[in-house]
>>> print(open('query_38.cif').read())   # mmCIF, C-alpha atoms
data_coords
#
loop_
_atom_site.group_PDB
_atom_site.id
_atom_site.type_symbol
_atom_site.label_atom_id
_atom_site.label_comp_id
_atom_site.auth_asym_id
_atom_site.auth_seq_id
_atom_site.Cartn_x
_atom_site.Cartn_y
_atom_site.Cartn_z
ATOM 1 C CA MET G 1 -1.211 -7.907 25.426
ATOM 2 C CA ARG G 2 -0.586 -10.745 22.974
ATOM 3 C CA ALA G 3 -0.373 -10.273 19.249
ATOM 4 C CA GLN G 4 -3.083 -11.873 17.168
ATOM 5 C CA SER G 5 -2.450 -14.716 14.779
ATOM 6 C CA VAL G 6 -2.261 -14.200 11.009
ATOM 7 C CA HIS G 7 -5.117 -16.535 10.217
ATOM 8 C CA LEU G 8 -7.424 -14.730 12.660
ATOM 9 C CA ILE G 9 -7.010 -11.402 10.899
ATOM 10 C CA GLY G 10 -7.671 -11.414 7.215
ATOM 11 C CA LYS G 11 -9.342 -8.173 6.162
ATOM 12 C CA GLU G 12 -7.472 -6.490 3.326
ATOM 13 C CA GLY G 13 -6.580 -2.869 3.940
ATOM 14 C CA SER G 14 -6.718 -3.259 7.713
ATOM 15 C CA ASN G 15 -4.012 -3.109 10.349
ATOM 16 C CA MET G 16 -2.892 -6.255 12.095
ATOM 17 C CA GLU G 17 -0.427 -7.165 14.817
ATOM 18 C CA ILE G 18 1.605 -10.360 14.917
ATOM 19 C CA ASN G 19 4.472 -11.673 17.013
ATOM 20 C CA VAL G 20 7.958 -12.338 15.634
ATOM 21 C CA LYS G 21 7.640 -16.130 15.626
ATOM 22 C CA GLU G 22 4.439 -16.089 13.593
ATOM 23 C CA ALA G 23 5.835 -13.402 11.291
ATOM 24 C CA ARG G 24 8.780 -15.673 10.506
ATOM 25 C CA ASN G 25 6.463 -18.580 9.797
ATOM 26 C CA HIS G 26 4.048 -16.568 7.628
ATOM 27 C CA LEU G 27 6.296 -13.975 5.980
ATOM 28 C CA SER G 28 5.137 -14.749 2.449
ATOM 29 C CA SER G 29 1.446 -14.368 3.319
ATOM 30 C CA LEU G 30 2.198 -11.191 5.296
ATOM 31 C CA LEU G 31 3.911 -9.717 2.249
ATOM 32 C CA ASP G 32 0.880 -10.653 0.159
ATOM 33 C CA LYS G 33 -1.384 -8.861 2.639
ATOM 34 C CA ALA G 34 0.867 -5.782 2.634
ATOM 35 C CA GLU G 35 0.810 -5.784 -1.148
ATOM 36 C CA LYS G 36 -2.993 -5.646 -0.972
ATOM 37 C CA GLY G 37 -2.903 -2.628 1.362
ATOM 38 C CA SER G 38 -2.683 -4.027 4.895
ATOM 39 C CA GLU G 39 -0.257 -2.725 7.481
ATOM 40 C CA ILE G 40 1.318 -5.371 9.708
ATOM 41 C CA VAL G 41 2.872 -4.539 13.081
ATOM 42 C CA ILE G 42 5.406 -7.047 14.408
ATOM 43 C CA SER G 43 5.850 -7.259 18.165
ATOM 44 C CA ARG G 44 8.428 -8.933 20.359
ATOM 45 C CA ARG G 45 7.358 -9.845 23.893
ATOM 46 C CA GLY G 46 4.338 -7.576 23.574
ATOM 47 C CA LYS G 47 6.353 -4.535 22.448
ATOM 48 C CA LYS G 48 5.853 -3.228 18.910
ATOM 49 C CA VAL G 49 9.189 -3.312 17.083
ATOM 50 C CA ALA G 50 8.528 -3.130 13.326
ATOM 51 C CA ARG G 51 5.954 -2.493 10.619
ATOM 52 C CA ILE G 52 5.428 -4.009 7.195
ATOM 53 C CA VAL G 53 3.629 -1.458 5.054
ATOM 54 C CA PRO G 54 2.623 -1.351 1.405
ATOM 55 C CA ILE G 55 4.787 0.749 -0.881
ATOM 56 C CA LYS G 56 2.876 3.596 -2.428
ATOM 57 C CA ALA G 57 2.882 3.640 -6.211
ATOM 58 C CA LYS G 58 5.375 6.081 -7.628
ATOM 59 C CA LYS G 59 3.842 8.988 -9.446
ATOM 60 C CA SER G 60 5.395 9.506 -12.823
ATOM 61 C CA LEU G 61 6.862 12.923 -13.432
ATOM 62 C CA PRO G 62 5.450 15.021 -16.240
ATOM 63 C CA SER G 63 7.356 15.071 -19.500
ATOM 64 C CA LEU G 64 9.631 18.078 -19.908
ATOM 65 C CA LYS G 65 9.939 17.618 -23.660
ATOM 66 C CA GLU G 66 7.615 20.540 -24.506
ATOM 67 C CA PHE G 67 9.229 22.788 -21.898
ATOM 68 C CA ARG G 68 12.720 22.100 -23.218
ATOM 69 C CA ALA G 69 11.582 22.744 -26.771
ATOM 70 C CA SER G 70 10.184 26.131 -25.710
ATOM 71 C CA ILE G 71 13.529 27.372 -24.342
ATOM 72 C CA ARG G 72 15.615 29.388 -26.769
ATOM 73 C CA ALA G 73 19.181 30.392 -25.953
ATOM 74 C CA LYS G 74 20.144 34.007 -26.582
ATOM 75 C CA GLY G 75 23.641 35.126 -27.498
ATOM 76 C CA GLY G 76 26.672 32.948 -28.110
ATOM 77 C CA PRO G 77 27.759 29.742 -26.442
ATOM 78 C CA LEU G 78 28.280 29.930 -22.689
ATOM 79 C CA SER G 79 31.711 28.334 -23.004
ATOM 80 C CA GLY G 80 32.927 31.386 -24.965
ATOM 81 C CA ALA G 81 31.726 33.750 -22.228
ATOM 82 C CA VAL G 82 33.525 31.672 -19.569
ATOM 83 C CA VAL G 83 36.804 31.764 -21.530
ATOM 84 C CA ARG G 84 36.523 35.564 -22.039
ATOM 85 C CA ASN G 85 35.837 36.149 -18.344
ATOM 86 C CA ARG G 86 38.832 34.036 -17.327
ATOM 87 C CA GLU G 87 41.112 35.921 -19.721
ATOM 88 C CA GLU G 88 39.860 39.281 -18.446
ATOM 89 C CA ALA G 89 40.387 38.211 -14.824
ATOM 90 C CA ARG G 90 44.057 37.358 -15.512
ATOM 91 C CA TYR G 91 45.001 40.897 -16.595
#
>>> encode(input="query_38.cif", output="structure tokens")
Amino acid sequence: MRAQSVHLIGKEGSNMEINVKEARNHLSSLLDKAEKGSEIVISRRGKKVARIVPIKAKKSLPSLKEFRASIRAKGGPLSGAVVRNREEARY
């Protein structure tokens, strides 16, 4: 089964298969297609060996500013408790 040529497959968001030689010759246009949502499978001698896929947009994490502001420490500094525990453990 032979891979299809880049210029024969042009639908955005679709999957396409291409051989290594044509992938080398059309890498820039393949990257453009992947950027638009297409998935490209690269085959060597009829065997699928690699995929070029679009990167999913990173979801931004929610701000923790309000959460941090809501936390109130109780008691003294933790460093003091650590020092006391170390002194107690020595005797």
>>> atom_distance(input="query_38.cif", atom1="atom CA of G:Ser60", atom2="atom CA of G:Ser38")
23.7 Å
>>> resolve_selection(input="query_38.cif", expression="the PyMOL selection byres ((chain G and resi 31-35) around 8)", output="list in words")
Glu12, Leu27, Ser28, Ser29, Leu30, Lys36, Gly37, Ser38, Glu39, Ile40, Ile52, Val53, Pro54 and Ile55 of chain G
>>> axis_aligned_box(input="query_38.cif", around="stretch 40-56 of chain G", padding_each_side="5 Å", output="lines of an AutoDock Vina configuration file")
center_x = 5.3
center_y = -3.1
center_z = 10.7
size_x = 17.9
size_y = 23.4
size_z = 36.3
>>> residues_around(input="query_38.cif", residues="G:Asn19", least_positions_apart="4", cutoff="7 Å", atoms="all atoms listed in the file", output="list in words")
Ala3, Ala23, Ile42, Ser43 and Arg44 of chain G
>>> write_last_selection(input="query_38.cif", atoms="C-alpha atoms", output="PDB file, keeping the file's coordinate frame")
ATOM      1  CA  ALA G   3      -0.373 -10.273  19.249  1.00  0.00           C
ATOM      2  CA  ALA G  23       5.835 -13.402  11.291  1.00  0.00           C
ATOM      3  CA  ILE G  42       5.406  -7.047  14.408  1.00  0.00           C
ATOM      4  CA  SER G  43       5.850  -7.259  18.165  1.00  0.00           C
ATOM      5  CA  ARG G  44       8.428  -8.933  20.359  1.00  0.00           C
TER       6      ARG G  44
END
>>> atom_distance(input="query_38.cif", atom1="atom CA of G:Arg51", atom2="atom CA of G:Asn25")
16.1 Å
>>> atom_distance(input="query_38.cif", atom1="atom CA of G:Val41", atom2="atom CA of G:Met16")
6.1 Å
>>> decode(input="query_38.cif", residues="stretch 66-89 of chain G", atoms="C-alpha atoms", output="JSON list (two decimals), in the first residue's frame")
[["chain", "number", "residue", "atom", "x", "y", "z"],
["G", 66, "GLU", "CA", -7.10, 33.94, 46.67],
["G", 67, "PHE", "CA", -6.41, 30.51, 48.15],
["G", 68, "ARG", "CA", -3.04, 31.60, 49.52],
["G", 69, "ALA", "CA", -4.57, 34.74, 50.99],
["G", 70, "SER", "CA", -7.18, 32.62, 52.80],
["G", 71, "ILE", "CA", -4.57, 30.53, 54.64],
["G", 72, "ARG", "CA", -3.68, 31.75, 58.11],
["G", 73, "ALA", "CA", -0.81, 30.23, 60.07],
["G", 74, "LYS", "CA", -1.48, 29.32, 63.69],
["G", 75, "GLY", "CA", 1.17, 29.35, 66.39],
["G", 76, "GLY", "CA", 4.78, 30.41, 66.07],
["G", 77, "PRO", "CA", 7.21, 29.99, 63.21],
["G", 78, "LEU", "CA", 7.85, 26.42, 62.10],
["G", 79, "SER", "CA", 11.61, 26.94, 62.31],
["G", 80, "GLY", "CA", 11.31, 27.44, 66.09],
["G", 81, "ALA", "CA", 9.42, 24.16, 66.48],
["G", 82, "VAL", "CA", 12.09, 22.32, 64.45],
["G", 83, "VAL", "CA", 14.89, 23.72, 66.63],
["G", 84, "ARG", "CA", 13.02, 22.76, 69.85],
["G", 85, "ASN", "CA", 12.40, 19.23, 68.60],
["G", 86, "ARG", "CA", 16.06, 18.77, 67.68],
["G", 87, "GLU", "CA", 17.19, 20.00, 71.10],
["G", 88, "GLU", "CA", 14.74, 17.68, 72.86],
["G", 89, "ALA", "CA", 15.90, 14.71, 70.77]]
